[in-house]
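Encoded as structure tokens, the structure appears first; notes follow it.
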Amino acid sequence: MNYETNYSFLEYDTYDDFEKFIKEQNFSHLIENIDKKKIPTENYKRFSKMLISNSNNFFLQKNNLDYEVVALNSPFDRRNEYFEFRVIERNKPLKNFQVTIFSKDGDNFYKDYVKTNPNGEGKIRLFENRSYLISAVTVKKASLLEKLKLKSEWISHWASMTFYLNYN
């Protein structure tokens, strides 16, 4: 199941909040020469997917979002110890790109980072009875046209994929 939002406007409370977000997403180079006294504004757009299955049958879906995480194998197939995925933007793989993996079991919350390979592919080890959220975020300074249209200095795109792994 896919879902794409419209752009949403965000004004940060402080520059420090924005800087923390930028550093967490591994884009520190973007803020080296900006005015730290000015409160940043951003427009963000989300591209979300949820994988659902009631069997080991799995199909590969055509890419149809501008920015997305694409499943390369089925997390629901017990034979797969690892879940493999590709991060693409406008049908081009994002190589050597940081992806955040959030997961949760009954009592514990986990956060890990994976870097994609030159083909934009990454993989994570799977654990039963765990919910997964795979998150890839791009951030860029808005062009003049984007600033006029969206009225913000920054633009981010958020691609995510969620699934719950339970073999019962």
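Identifiers in the structure tokens: chain A, B, ... in order shown; residue index from 1 per chain; ligand index from 1 in order shown.
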
Segment 92-101 of chain A surroundings by only C-alpha atoms, 6 Å radius, close-in-sequence under 4 positions cut, as a CSV table (one decimal) with N, CA and C atoms, in the first residue's frame:
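Result file is selection_30.csv:
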```csv
chain,number,residue,atom,x,y,z
A,87,VAL,N,16.7,2.2,-2.3
A,87,VAL,CA,16.2,3.6,-2.2
A,87,VAL,C,16.4,4.3,-3.5
A,88,ILE,N,15.3,4.8,-4.1
A,88,ILE,CA,15.4,5.5,-5.4
A,88,ILE,C,14.7,6.8,-5.3
A,111,LYS,N,17.1,1.4,17.1
A,111,LYS,CA,17.4,2.4,16.0
A,111,LYS,C,18.8,2.1,15.5
A,112,ASP,N,18.9,1.8,14.2
A,112,ASP,CA,20.1,1.5,13.5
A,112,ASP,C,20.2,2.3,12.2
A,113,TYR,N,21.4,2.3,11.7
A,113,TYR,CA,21.7,3.0,10.5
A,113,TYR,C,22.3,2.0,9.5
A,114,VAL,N,21.9,2.1,8.2
A,114,VAL,CA,22.5,1.3,7.1
A,114,VAL,C,22.9,2.3,6.0
A,115,LYS,N,24.0,2.0,5.4
A,115,LYS,CA,24.4,2.8,4.2
A,115,LYS,C,24.1,1.9,2.9
A,116,THR,N,23.5,2.5,1.9
A,116,THR,CA,23.2,1.8,0.7
A,116,THR,C,24.5,1.6,-0.1
A,117,ASN,N,24.5,0.6,-0.9
A,117,ASN,CA,25.7,0.4,-1.8
A,117,ASN,C,25.7,1.2,-3.0
A,118,PRO,N,26.6,1.1,-4.0
A,118,PRO,CA,26.6,1.9,-5.2
A,118,PRO,C,25.3,1.7,-6.1
A,119,ASN,N,24.5,0.7,-5.8
A,119,ASN,CA,23.3,0.5,-6.6
A,119,ASN,C,22.1,1.0,-5.8
A,120,GLY,N,22.3,1.6,-4.6
A,120,GLY,CA,21.2,2.1,-3.8
A,120,GLY,C,20.6,1.1,-3.0
A,133,LEU,N,10.3,0.0,10.6
A,133,LEU,CA,10.1,1.2,9.9
A,133,LEU,C,11.5,1.6,9.2
A,134,ILE,N,11.5,1.5,7.9
A,134,ILE,CA,12.7,1.9,7.2
A,134,ILE,C,12.5,3.3,6.7
A,135,SER,N,13.4,4.2,7.0
A,135,SER,CA,13.2,5.6,6.7
A,135,SER,C,14.5,6.2,6.0
A,136,ALA,N,14.2,6.9,4.9
A,136,ALA,CA,15.3,7.5,4.1
A,136,ALA,C,14.8,9.0,3.9
```

Name the closest residue to Asn73 of chain A among the candidates A:Leu145, A:Ile124, A:Ile39, A:Ile31; distances are taken between atoms, counting only C-alpha atoms.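 Among A:Leu145, A:Ile124, A:Ile39, A:Ile31, it is A:Ile124 that comes nearest to Asn73 of chain A.
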
List every residue of segment 86-166 of chain A that DSSP, applied to the backbone, labels as alpha helix (DSSP H), and write the result as a compact mmCIF listing (two decimals) with C-alpha atoms, in the first residue's frame.
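Wrote it out as selection-v4.txt, contents follow:
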```txt
# COMPACT_ATOMS: atom_id res chain seq x y z
CA LEU A 144 14.53 30.39 -6.03
CA LEU A 145 11.41 29.04 -7.76
CA GLU A 146 10.75 26.57 -4.91
CA LYS A 147 11.20 29.38 -2.34
CA LEU A 148 8.59 31.49 -4.12
CA LYS A 149 6.16 28.61 -4.51
CA LEU A 150 6.57 26.90 -1.11
```

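Compared by their closest atoms to Leu65 of chain A, and using only C-alpha atoms, the residues A:Arg86, A:Lys49, A:Lys37, A:Lys20 rank with A:Lys49 nearest.
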
Skip Glu89 of chain A itself and residues of its chain fewer than 2 positions away, then list as a ChimeraX atom specification all residues within 6 Å of it, counting only C-alpha atoms. /A:66-67,91-92

Rank A:Ser156, A:Ser103, A:Ser143, A:Thr14 by their smallest atom-to-atom distance to Pro40 of chain A, using only C-alpha atoms, and report the top residue only. A:Thr14

Near segment 127-132 of chain A, counting only C-alpha atoms, which residues have an atom at most 6 Å away, once you skip same-chain residues fewer than 4 positions from it, shown as a PyMOL selection string? chain A and resi 102-105+162-166

Taking 5 positions as the minimum chain separation for residues in the same chain, which residues sit within 10 Å of Leu30 of chain A when counting only C-alpha atoms? Answer as a PDB file with C-alpha atoms, in the first residue's frame.
```
ATOM      1  CA  GLU A  19      20.796  21.629  13.139  1.00  0.00           C
ATOM      2  CA  ILE A  22      20.263  17.939   9.695  1.00  0.00           C
ATOM      3  CA  LYS A  23      23.096  16.201  11.539  1.00  0.00           C
ATOM      4  CA  VAL A 139      17.179  17.454   2.463  1.00  0.00           C
ATOM      5  CA  LYS A 140      18.087  20.271   0.106  1.00  0.00           C
ATOM      6  CA  LYS A 141      18.155  24.033  -0.002  1.00  0.00           C
TER       7      LYS A 141
END
```

Non-local contacts of Arg46 of chain A (12 Å; only C-alpha atoms; under 4 positions in same chain excluded) as a list in words: Asn2, Tyr3, Glu4, Thr5, Asn6, Tyr7, Ser8, Leu65, Asp66, Tyr67, Glu68, Val69, Ser135, Ala136, Val137, Thr138, Ile155, Ser156, His157, Trp158, Ala159, Ser160 and Met161 of chain A
